[in-house]
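Visitor: TSV, C-alpha atoms and all ligand atoms, saved as query37.tsv, coming up:
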chain	number	residue	atom	x	y	z
P	92	MET	CA	68.95	-43.44	25.62
P	93	LYS	CA	66.28	-44.10	28.21
P	94	THR	CA	65.28	-40.43	28.47
P	95	THR	CA	65.44	-39.54	24.78
P	96	PHE	CA	63.86	-42.66	23.32
P	97	GLU	CA	60.52	-41.54	21.83
P	98	ILE	CA	58.65	-44.39	20.28
P	99	ASN	CA	55.35	-43.98	18.47
P	100	PRO	CA	52.47	-45.92	20.00
P	101	ILE	CA	51.16	-48.58	17.59
P	102	LYS	CA	47.98	-46.55	17.09
P	103	GLU	CA	50.06	-43.88	15.39
P	104	TRP	CA	50.60	-46.11	12.37
P	105	LEU	CA	47.54	-48.34	12.80
P	106	PRO	CA	44.90	-45.76	13.81
P	107	ASN	CA	41.98	-48.21	13.78
P	108	LEU	CA	43.59	-50.52	16.30
P	109	ASN	CA	41.54	-50.83	19.47
P	110	ASN	CA	42.56	-54.31	20.56
P	111	PRO	CA	45.95	-55.87	21.13
P	112	LEU	CA	47.87	-55.93	17.84
P	113	LEU	CA	47.37	-59.27	16.11
P	114	ILE	CA	49.61	-60.20	13.20
P	115	SER	CA	48.97	-63.44	11.40
P	116	GLY	CA	49.80	-65.25	8.19
P	117	PRO	CA	51.99	-68.08	6.96
P	118	CYS	CA	55.48	-68.77	8.16
P	119	SER	CA	56.42	-68.78	4.46
P	120	LEU	CA	54.53	-67.69	1.40
P	121	GLU	CA	54.58	-70.71	-0.89
P	122	THR	CA	52.28	-70.00	-3.82
P	123	GLU	CA	50.07	-67.13	-4.92
P	124	GLN	CA	47.04	-69.29	-4.16
P	125	GLN	CA	48.17	-70.24	-0.61
P	126	THR	CA	49.03	-66.58	0.10
P	127	LEU	CA	45.67	-65.25	-1.06
P	128	GLU	CA	43.45	-68.00	0.34
P	129	THR	CA	45.03	-67.69	3.78
P	130	ALA	CA	44.66	-63.91	3.63
P	131	ARG	CA	41.00	-64.04	2.55
P	132	LEU	CA	40.11	-66.23	5.54
P	133	LEU	CA	42.12	-64.12	7.98
P	134	ALA	CA	40.60	-60.89	6.69
P	135	LYS	CA	37.16	-62.13	7.76
P	136	ASP	CA	38.29	-61.92	11.39
P	137	PRO	CA	38.34	-58.28	12.52
P	138	ARG	CA	40.87	-59.15	15.25
P	139	VAL	CA	43.58	-59.78	12.64
P	140	PHE	CA	45.24	-56.45	11.89
P	141	VAL	CA	48.34	-57.21	9.86
P	142	TYR	CA	49.13	-60.00	7.41
P	143	ARG	CA	52.58	-61.57	7.65
P	144	GLY	CA	54.39	-63.85	5.22
P	145	GLY	CA	58.06	-64.84	5.07
P	146	ILE	CA	59.60	-64.74	1.59
P	147	TRP	CA	63.32	-64.85	2.48
P	148	LYS	CA	63.57	-67.61	5.05
P	149	PRO	CA	66.52	-67.93	7.41
P	150	ARG	CA	66.86	-71.71	7.71
P	151	THR	CA	69.14	-73.26	10.29
P	152	ARG	CA	70.45	-75.84	7.78
P	153	PRO	CA	70.87	-75.34	4.04
P	154	GLY	CA	68.72	-77.41	1.73
P	155	SER	CA	65.34	-76.70	3.32
P	156	PHE	CA	62.82	-74.37	1.70
P	157	GLU	CA	64.44	-70.94	1.65
P	158	GLY	CA	61.44	-68.89	0.57
P	159	VAL	CA	59.96	-67.80	-2.74
P	160	GLY	CA	61.97	-64.55	-2.82
P	161	SER	CA	60.95	-61.28	-4.47
P	162	ILE	CA	57.90	-62.71	-6.29
P	163	GLY	CA	56.30	-62.90	-2.82
P	164	LEU	CA	56.33	-59.08	-2.67
P	165	LYS	CA	53.83	-59.03	-5.51
P	166	TRP	CA	51.60	-61.54	-3.69
P	167	LEU	CA	51.70	-59.39	-0.56
P	168	GLN	CA	50.66	-56.37	-2.64
P	169	MET	CA	47.76	-58.43	-3.98
P	170	VAL	CA	46.72	-59.32	-0.41
P	171	LYS	CA	46.74	-55.67	0.55
P	172	LYS	CA	44.76	-54.64	-2.52
P	173	GLU	CA	42.14	-57.33	-2.10
P	174	THR	CA	41.69	-57.45	1.69
P	175	GLY	CA	42.89	-54.04	2.85
P	176	LEU	CA	45.12	-55.68	5.45
P	177	PRO	CA	48.53	-54.05	5.98
P	178	VAL	CA	51.25	-56.52	4.98
P	179	GLY	CA	54.75	-57.30	6.19
P	180	THR	CA	57.71	-59.57	5.72
P	181	GLU	CA	61.11	-60.34	7.25
P	182	VAL	CA	64.19	-58.57	5.89
P	183	ALA	CA	67.63	-59.96	6.62
P	184	ASN	CA	70.00	-57.85	4.52
P	185	ALA	CA	70.25	-54.55	2.63
P	186	HIS	CA	68.93	-56.07	-0.60
P	187	HIS	CA	65.77	-57.47	1.04
P	188	THR	CA	65.18	-54.11	2.71
P	189	GLU	CA	65.55	-52.18	-0.56
P	190	GLU	CA	63.12	-54.56	-2.27
P	191	ALA	CA	60.58	-54.43	0.55
P	192	LEU	CA	60.70	-50.61	0.62
P	193	LYS	CA	60.33	-50.46	-3.15
P	194	ALA	CA	57.27	-52.72	-2.89
P	195	ASP	CA	55.97	-50.36	-0.19
P	196	LEU	CA	55.11	-53.09	2.32
P	197	ASP	CA	53.51	-51.65	5.44
P	198	VAL	CA	55.81	-53.18	8.05
P	199	LEU	CA	59.13	-54.99	8.02
P	200	TRP	CA	60.55	-57.24	10.69
P	201	ILE	CA	64.04	-58.24	11.65
P	202	GLY	CA	64.34	-61.91	12.57
P	203	ALA	CA	65.96	-63.40	15.63
P	204	ARG	CA	69.12	-64.55	13.86
P	205	SER	CA	69.60	-61.10	12.31
P	206	THR	CA	69.06	-59.24	15.60
P	207	ALA	CA	71.96	-61.26	16.99
P	208	SER	CA	74.28	-59.67	14.40
P	209	PRO	CA	75.00	-55.93	14.78
P	210	PHE	CA	76.52	-55.78	11.26
P	211	VAL	CA	73.32	-57.13	9.70
P	212	VAL	CA	71.11	-54.82	11.75
P	213	GLN	CA	73.25	-51.80	10.81
P	214	GLU	CA	73.11	-52.73	7.13
P	215	ILE	CA	69.30	-52.90	7.33
P	216	ALA	CA	69.11	-49.67	9.36
P	217	ASP	CA	71.22	-47.82	6.78
P	218	VAL	CA	68.72	-48.69	4.05
P	219	LEU	CA	65.76	-47.79	6.29
P	220	LYS	CA	67.04	-44.22	6.80
P	221	GLY	CA	64.42	-41.68	5.78
P	222	SER	CA	61.76	-44.31	5.07
P	223	ASN	CA	59.58	-43.88	8.17
P	224	LYS	CA	58.59	-47.56	7.87
P	225	PRO	CA	57.31	-49.36	10.99
P	226	VAL	CA	59.83	-52.01	12.02
P	227	LEU	CA	59.32	-54.99	14.30
P	228	ILE	CA	62.45	-56.32	15.98
P	229	LYS	CA	62.52	-59.88	17.24
P	230	ASN	CA	64.71	-60.77	20.20
P	231	PRO	CA	68.13	-62.23	19.39
P	232	VAL	CA	68.36	-66.03	19.64
P	233	ASN	CA	70.37	-65.69	22.87
P	234	PRO	CA	68.80	-64.00	25.92
P	235	ASP	CA	70.96	-60.86	25.74
P	236	VAL	CA	68.85	-57.79	26.42
P	237	GLN	CA	71.73	-55.48	25.45
P	238	LEU	CA	71.93	-57.05	21.99
P	239	TRP	CA	68.17	-56.62	21.59
P	240	MET	CA	68.43	-52.99	22.76
P	241	GLY	CA	71.36	-52.46	20.41
P	242	ALA	CA	69.27	-53.52	17.41
P	243	ILE	CA	66.42	-51.26	18.54
P	244	GLU	CA	68.86	-48.34	18.93
P	245	ARG	CA	70.37	-48.89	15.47
P	246	VAL	CA	66.92	-48.81	13.86
P	247	TYR	CA	65.88	-45.83	16.01
P	248	GLN	CA	69.03	-43.94	15.06
P	249	ALA	CA	68.06	-44.44	11.42
P	250	GLY	CA	65.07	-42.21	12.19
P	251	ILE	CA	62.46	-44.95	12.65
P	252	LYS	CA	60.11	-44.16	15.52
P	253	SER	CA	57.47	-46.79	14.86
P	254	ILE	CA	59.18	-49.76	16.48
P	255	VAL	CA	57.71	-52.83	18.14
P	256	ALA	CA	59.74	-55.55	19.85
P	257	ILE	CA	58.73	-59.17	19.32
P	258	HIS	CA	59.38	-61.82	21.96
P	259	ARG	CA	59.89	-65.13	20.12
P	260	GLY	CA	61.79	-67.06	22.77
P	261	PHE	CA	65.44	-68.08	23.04
P	262	THR	CA	67.48	-71.08	21.91
P	263	PRO	CA	67.14	-73.63	24.71
P	264	PHE	CA	70.33	-74.80	26.42
P	265	ARG	CA	68.66	-77.98	27.64
P	266	GLU	CA	65.70	-80.17	26.68
P	267	THR	CA	62.41	-78.24	27.02
P	268	LYS	CA	58.89	-78.85	25.83
P	269	TYR	CA	59.07	-75.63	23.83
P	270	ARG	CA	61.06	-75.02	20.66
P	271	ASN	CA	62.44	-71.80	22.15
P	272	TYR	CA	62.32	-71.13	25.89
P	273	PRO	CA	60.37	-68.00	26.84
P	274	ASN	CA	62.74	-66.67	29.53
P	275	TRP	CA	60.32	-63.92	30.52
P	276	LYS	CA	62.89	-62.16	32.65
P	277	THR	CA	64.69	-60.86	29.55
P	278	VAL	CA	61.41	-59.43	28.28
P	279	ILE	CA	60.63	-57.85	31.65
P	280	GLU	CA	64.09	-56.28	31.61
P	281	LEU	CA	63.48	-54.80	28.14
P	282	ARG	CA	60.18	-53.38	29.39
P	283	ARG	CA	61.94	-51.86	32.39
P	284	LEU	CA	64.63	-50.29	30.20
P	285	LEU	CA	62.24	-49.02	27.51
P	286	PRO	CA	58.83	-48.63	29.15
P	287	ASN	CA	57.27	-46.94	26.08
P	288	LEU	CA	58.28	-49.61	23.61
P	289	PRO	CA	55.36	-51.85	22.59
P	290	ILE	CA	56.24	-55.54	22.89
P	291	ILE	CA	54.25	-58.33	21.27
P	292	CYS	CA	54.71	-62.07	21.68
P	293	ASP	CA	55.24	-64.67	18.95
P	294	PRO	CA	53.87	-67.86	20.53
P	295	SER	CA	54.41	-69.82	17.30
P	296	HIS	CA	58.20	-69.76	17.46
P	297	ILE	CA	58.25	-70.21	21.24
P	298	ALA	CA	55.88	-73.20	21.14
P	299	GLY	CA	57.04	-75.02	18.04
P	300	LYS	CA	53.86	-77.09	18.42
P	301	ARG	CA	50.21	-76.12	18.01
P	302	GLU	CA	49.23	-77.67	21.36
P	303	TYR	CA	51.28	-75.12	23.34
P	304	LEU	CA	50.19	-71.99	21.48
P	305	PHE	CA	47.27	-71.15	23.74
P	306	GLU	CA	49.17	-71.35	27.03
P	307	ILE	CA	51.91	-69.07	25.71
P	308	ALA	CA	49.48	-66.60	24.16
P	309	GLN	CA	47.53	-66.40	27.44
P	310	LYS	CA	50.72	-66.02	29.45
P	311	SER	CA	51.80	-63.15	27.23
P	312	PHE	CA	48.58	-61.25	27.97
P	313	ASP	CA	48.99	-62.07	31.67
P	314	MET	CA	52.43	-60.45	31.37
P	315	GLY	CA	51.00	-57.31	29.75
P	316	MET	CA	52.24	-57.84	26.19
P	317	ASP	CA	50.73	-55.53	23.57
P	318	GLY	CA	49.81	-58.13	20.99
P	319	LEU	CA	50.61	-61.38	19.24
P	320	MET	CA	52.20	-62.66	16.06
P	321	LEU	CA	50.77	-66.09	15.26
P	322	GLU	CA	51.54	-68.13	12.16
P	323	SER	CA	48.59	-69.42	10.13
P	324	HIS	CA	48.26	-71.44	6.96
P	325	ILE	CA	45.32	-72.80	4.96
P	326	ASP	CA	46.79	-76.31	5.24
P	327	PRO	CA	49.31	-76.29	8.12
P	328	SER	CA	50.37	-79.93	7.96
P	329	CYS	CA	51.53	-79.43	4.35
P	330	ALA	CA	53.41	-76.17	5.06
P	331	LEU	CA	56.92	-75.99	3.63
P	332	SER	CA	58.27	-74.52	6.88
P	333	ASP	CA	57.18	-74.72	10.52
P	334	ALA	CA	54.35	-77.14	9.75
P	335	SER	CA	53.79	-78.26	13.34
P	336	GLN	CA	53.26	-74.78	14.79
P	337	GLN	CA	50.89	-73.16	12.29
P	338	LEU	CA	47.11	-72.91	12.70
P	339	THR	CA	44.33	-72.80	10.14
P	340	PRO	CA	42.60	-69.40	10.19
P	341	ALA	CA	39.56	-71.14	11.75
P	342	ASP	CA	41.65	-72.61	14.58
P	343	LEU	CA	43.31	-69.22	15.07
P	344	GLY	CA	39.83	-67.75	15.61
P	345	LYS	CA	39.03	-70.47	18.19
P	346	LEU	CA	42.27	-69.80	20.04
P	347	LEU	CA	41.53	-66.06	20.12
P	348	ASP	CA	38.00	-66.72	21.45
P	349	ARG	CA	39.48	-68.49	24.49
P	350	LEU	CA	42.05	-65.81	25.35
P	351	VAL	CA	41.44	-63.48	28.29
P	352	ILE	CA	42.83	-60.07	27.42
P	353	ARG	CA	44.12	-58.23	30.46
P	354	HIS	CA	44.76	-54.51	30.96
P	355	GLN	CA	47.38	-52.58	32.92
P	356	ASP	CA	44.64	-51.01	35.06
P	357	ALA	CA	41.12	-52.08	35.99
P	358	ASN	CA	39.54	-48.58	35.99
P	359	ASN	CA	37.66	-49.69	39.07
P	360	PRO	CA	38.22	-47.75	42.32
P	361	ASP	CA	37.37	-50.73	44.58
P	362	PHE	CA	39.95	-52.87	42.83
P	363	GLU	CA	42.55	-50.05	43.01
P	364	ASN	CA	41.91	-49.52	46.77
P	365	ARG	CA	42.23	-53.17	47.60
P	366	LEU	CA	45.35	-53.47	45.45
P	367	ASP	CA	46.90	-50.43	47.20
P	368	MET	CA	46.17	-51.98	50.58
P	369	LEU	CA	47.74	-55.31	49.68
P	370	ARG	CA	50.74	-53.55	48.12
P	371	SER	CA	51.36	-51.52	51.25
P	372	ARG	CA	51.47	-54.80	53.21
P	373	ILE	CA	54.04	-56.11	50.70
P	374	ASP	CA	56.07	-52.90	51.16
P	375	THR	CA	56.09	-53.39	54.94
P	376	LEU	CA	57.08	-57.05	54.65
P	377	ASP	CA	59.88	-56.19	52.21
P	378	ALA	CA	61.22	-53.59	54.64
P	379	GLU	CA	61.17	-56.22	57.41
P	380	LEU	CA	62.96	-58.70	55.15
P	381	LEU	CA	65.73	-56.15	54.48
P	382	GLU	CA	66.03	-55.30	58.17
P	383	MET	CA	66.39	-58.99	58.98
P	384	LEU	CA	69.02	-59.37	56.25
P	385	SER	CA	70.91	-56.45	57.73
P	386	SER	CA	70.86	-58.10	61.22
P	387	ARG	CA	72.07	-61.30	59.60
P	388	VAL	CA	74.95	-59.47	57.91
P	389	ALA	CA	76.01	-58.02	61.31
P	390	ILE	CA	76.27	-61.54	62.76
P	391	VAL	CA	78.06	-62.84	59.66
P	392	LYS	CA	80.68	-60.12	60.19
P	393	GLN	CA	81.08	-61.04	63.87
P	394	ILE	CA	81.62	-64.66	62.87
P	395	GLY	CA	84.15	-63.45	60.26
P	396	GLN	CA	86.22	-61.69	62.96
P	397	TYR	CA	85.99	-64.73	65.18
P	398	LYS	CA	87.13	-67.08	62.38
P	399	LYS	CA	89.97	-64.72	61.52
P	400	HIS	CA	91.34	-64.72	65.08
P	401	ASN	CA	91.22	-68.49	65.16
P	402	ASN	CA	92.66	-68.94	61.65
P	403	VAL	CA	89.56	-70.74	60.39
P	404	THR	CA	88.42	-70.54	56.73
P	405	ALA	CA	85.55	-68.31	55.64
P	406	LEU	CA	84.01	-71.10	53.55
P	407	GLN	CA	83.06	-74.19	55.55
P	408	ILE	CA	81.49	-76.59	53.18
P	409	ASN	CA	79.82	-78.90	55.73
P	410	ARG	CA	78.08	-76.02	57.45
P	411	TRP	CA	76.99	-74.70	54.05
P	412	SER	CA	75.50	-78.07	52.95
P	413	GLN	CA	73.67	-78.47	56.26
P	414	LEU	CA	72.37	-74.91	56.10
P	415	MET	CA	71.05	-75.35	52.56
P	416	ASP	CA	69.34	-78.71	53.38
P	417	ASN	CA	67.75	-77.22	56.43
P	418	ARG	CA	66.51	-74.07	54.65
P	419	VAL	CA	65.06	-76.08	51.75
P	420	LYS	CA	63.17	-78.31	54.23
P	421	LEU	CA	61.92	-75.30	56.14
P	422	GLY	CA	60.90	-73.64	52.88
P	423	LYS	CA	58.94	-76.74	51.87
P	424	LYS	CA	57.03	-76.69	55.15
P	425	LEU	CA	56.16	-73.07	54.47
P	426	ASP	CA	55.01	-73.98	50.95
P	427	LEU	CA	57.75	-71.96	49.26
P	428	ASN	CA	59.07	-72.79	45.82
P	429	GLU	CA	62.27	-74.84	46.19
P	430	SER	CA	64.19	-72.98	43.51
P	431	LEU	CA	63.31	-69.64	45.15
P	432	VAL	CA	64.70	-70.83	48.50
P	433	LYS	CA	67.82	-72.30	46.88
P	434	THR	CA	68.56	-69.22	44.78
P	435	LEU	CA	67.94	-66.91	47.72
P	436	PHE	CA	70.28	-68.78	50.07
P	437	GLN	CA	72.92	-69.22	47.39
P	438	LEU	CA	73.00	-65.42	47.03
P	439	ILE	CA	72.94	-64.83	50.78
P	440	HIS	CA	75.71	-67.36	51.38
P	441	GLU	CA	77.84	-66.04	48.53
P	442	ASP	CA	77.63	-62.57	50.04
P	443	SER	CA	78.47	-63.90	53.54
P	444	VAL	CA	81.61	-65.63	52.25
P	445	ARG	CA	82.61	-62.45	50.40
P	446	LEU	CA	82.12	-60.36	53.57
P	447	GLN	CA	84.17	-62.78	55.66
P	448	THR	CA	87.06	-63.08	53.18
P	449	ASP	CA	87.14	-59.26	52.97
P	450	ILE	CA	87.46	-59.14	56.77
P	451	MET	CA	90.28	-61.71	56.68
P	452	ASP	CA	92.14	-59.85	53.92
P	453	THR	CA	92.09	-56.40	55.57
P	454	GLU	CA	94.80	-55.00	57.91
L	501	LIG	C1	59.51	-66.26	11.26
L	501	LIG	O1	58.86	-65.37	11.83
L	501	LIG	O2	59.03	-67.00	10.40
L	501	LIG	C2	60.90	-66.51	11.70
L	501	LIG	C3	61.81	-67.05	10.92
L	501	LIG	O3	61.07	-66.19	12.97
L	501	LIG	P1	62.38	-66.09	13.92
L	501	LIG	O4	63.23	-65.00	13.38
L	501	LIG	O5	61.71	-65.72	15.21
L	501	LIG	O6	63.03	-67.44	13.95
L	502	MN	MN	58.21	-69.62	11.09
Can you give me the file's structure in the form of structure tokens?

Guide:
Amino acid sequence: MKTTFEINPIKEWLPNLNNPLLISGPCSLETEQQTLETARLLAKDPRVFVYRGGIWKPRTRPGSFEGVGSIGLKWLQMVKKETGLPVGTEVANAHHTEEALKADLDVLWIGARSTASPFVVQEIADVLKGSNKPVLIKNPVNPDVQLWMGAIERVYQAGIKSIVAIHRGFTPFRETKYRNYPNWKTVIELRRLLPNLPIICDPSHIAGKREYLFEIAQKSFDMGMDGLMLESHIDPSCALSDASQQLTPADLGKLLDRLVIRHQDANNPDFENRLDMLRSRIDTLDAELLEMLSSRVAIVKQIGQYKKHNNVTALQINRWSQLMDNRVKLGKKLDLNESLVKTLFQLIHEDSVRLQTDIMDTE
């Protein structure tokens, strides 16, 4: 898949785009008036490129507002006609997809709960066949890069080449300040696996609260994301869904003003030279680290033989606790992050025990 995956750059379907892709609009369309008033304000900001609005809402518990349904398609068409903004909504089954294609929306997106279900994604992909419609695919609620890739592949195999991934965070497994934890390593892994796939960030669903939107949006540009999806509403505190994370169009503009947009390259030879020099020092240090690890492994093996001849266990818990305490203290003195030192030595120790038990179990 890696070699044959040919994704269209965003500019292919949004030729006027010369900034990061910014998609904004309400979490849910509620009334024709709210849809149009929000859109009119957003359309005044040239940084907003696509208007979003949920009309079929996947709610965690039944009984909350589940969206206005198909009538919202008409409102989205009105937005497009009046403002010229391309419009999009979330589709979560074959019926939604048929309706959205019939209404000729410009983009569709697959939500996080749907991406987690291969049956749902396949059902949507089957309807998309032959449509050529740009599709945005949110990460699944759990940080499983294979599941995310699987959804992308299903849509790609339906002949869709205009695909964008959306990072919207993952269900937290413990208390966090964010509604969904960002877990950037899953996003970095997707980028490594599919380097040509544009990825944008959805700070609204990561943050859950307006006050955290800026830090996540900035972080996503620091991480080289290709754009943002940010929810906005003319009167956020009265929104029927996700009230605490939406921004007024005016506040969205203020947030965008503060963001520093970063690029993959600086196009500045001095910067490139200095970066190359520093990177070659990193390369040398990494080689030294690996050589030291290799010397360490040689001693670990010697100890393994020695323990074997004396019938002593590979795992010696007291030594392990002392070693960890000592390394953490040493790391602190050297100003190293405690969790880095702990994770590193856990891995090193795990490998040492494996090497020694292998020695004991051979012959
Ligand atoms: C949304 O974008 O409004 C939405 C429901 O998002 P998610 O699928 O990320 O929860
Ligand atoms: Mn929402």

Visitor: Give me, please, the distance in Å between atom CA of P:Ser119 and atom CA of P:Trp239, quoted to one decimal.

Guide: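 Going from atom CA of P:Ser119 over to atom CA of P:Trp239 covers 24.1 Å.
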
Visitor: Within 8 Å of ligand LIG 501 (chain L), counting all atoms listed in the file: which residues, as a list in words?

Guide: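 Within the 8 Å cut-off, the matching residues are Pro117, Cys118, Ser119, Gly144, Gly145, Lys148, Pro149, Arg150, Glu181, Ile201, Gly202, Ala203, Arg204, Ser205, Lys229, Asn230, Val232, Arg259, Gly260, Asp293, His296, Glu322 and Asp333 of chain P.
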
Visitor: Could you tell me which of P:His187, P:Lys102, P:Lys424, P:Lys135 comes closest to P:Gly344 if we count only C-alpha atoms?

Guide: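 Answer, going by the shortest atom-to-atom distance: P:Lys135.
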
Visitor: Quick one: residues within 8 Å of stretch 241-245 of chain P, all atoms listed in the file counted, chain neighbours fewer than 2 positions away excluded, as an MDAnalysis selection string?

Guide: chainID P and resid 206 209 212:213 216 228 237:239 247:249 254

Visitor: Which residues, protein or nucleic acid, reach to within 12 Å of (86.0, -60.3, 52.5) in the file's coordinates when using all atoms listed in the file, and can you give that as number ranges by chain?

Guide: P: 391-392, 395-396, 399, 404-406, 441-454

Visitor: Looking at all atoms listed in the file, which of P:Asn107, P:Thr375, P:Ser323, P:Thr339 is the one that sits closest to ligand MN 502 (chain L)?

Guide: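 Of P:Asn107, P:Thr375, P:Ser323, P:Thr339, the one nearest ligand MN 502 (chain L) is P:Ser323, counting all atoms listed in the file.
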
Visitor: So, counting only C-alpha atoms and all ligand atoms, which residue among P:Ile146, P:Leu227, P:Val278, P:Ile352 is closest to ligand MN 502 (chain L)?

Guide: P:Ile146

Visitor: Could you pull out every residue with an atom within 10 Å of (53.2, -56.9, 19.1), file coordinates, counting only C-alpha atoms, and send them as a ChimeraX atom specification?

Guide: /P:101,111-114,227-229,254-258,288-293,316-320

Visitor: Please indicate the distance in Å from atom CA of P:Arg270 to atom CA of P:Gly299, rounded to one decimal place.

Guide: 4.8 Å

Visitor: What is the distance, in Å and to one decimal place, between atom CA of P:Phe156 and atom CA of P:Phe264?

Guide: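 Going from atom CA of P:Phe156 over to atom CA of P:Phe264 covers 25.8 Å.
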
Visitor: Please provide the set of residues having any atom within 12 Å of stretch 355-358 of chain P, restricted to all atoms listed in the file, with same-chain residues fewer than 5 positions apart removed, written as a count of residues only.

Guide: 10

Visitor: Hey, which of P:Asp361, P:Glu123, P:Asp136, P:Glu157 ends up closest to ligand MN 502 (chain L)? Count all atoms listed in the file.

Guide: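 Among the listed residues, P:Glu157 lies closest to ligand MN 502 (chain L).
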
Visitor: Rank nothing, just name the residue among P:Asn184, P:Thr151, P:Gln124, P:Asn274 nearest to P:Gly163, using all atoms listed in the file.

Guide: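 So, comparing all the options, the nearest one is P:Gln124.
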
Visitor: So that I can check the surroundings of P:Val419, please list as a VMD selection string every protein, DNA and RNA residue that reaches within 7 Å of it, counting only C-alpha atoms and ignoring chain neighbours fewer than 6 positions away.

Guide: chain P and resid 429 432 to 433

Visitor: Need to verify the contact set: P:Ser253, 9 Å, all atoms listed in the file, exclusion of same-chain residues closer than 3 positions in sequence. Can you return it as a PyMOL selection string?

Guide: chain P and resi 98-101+103-104+223-227+247
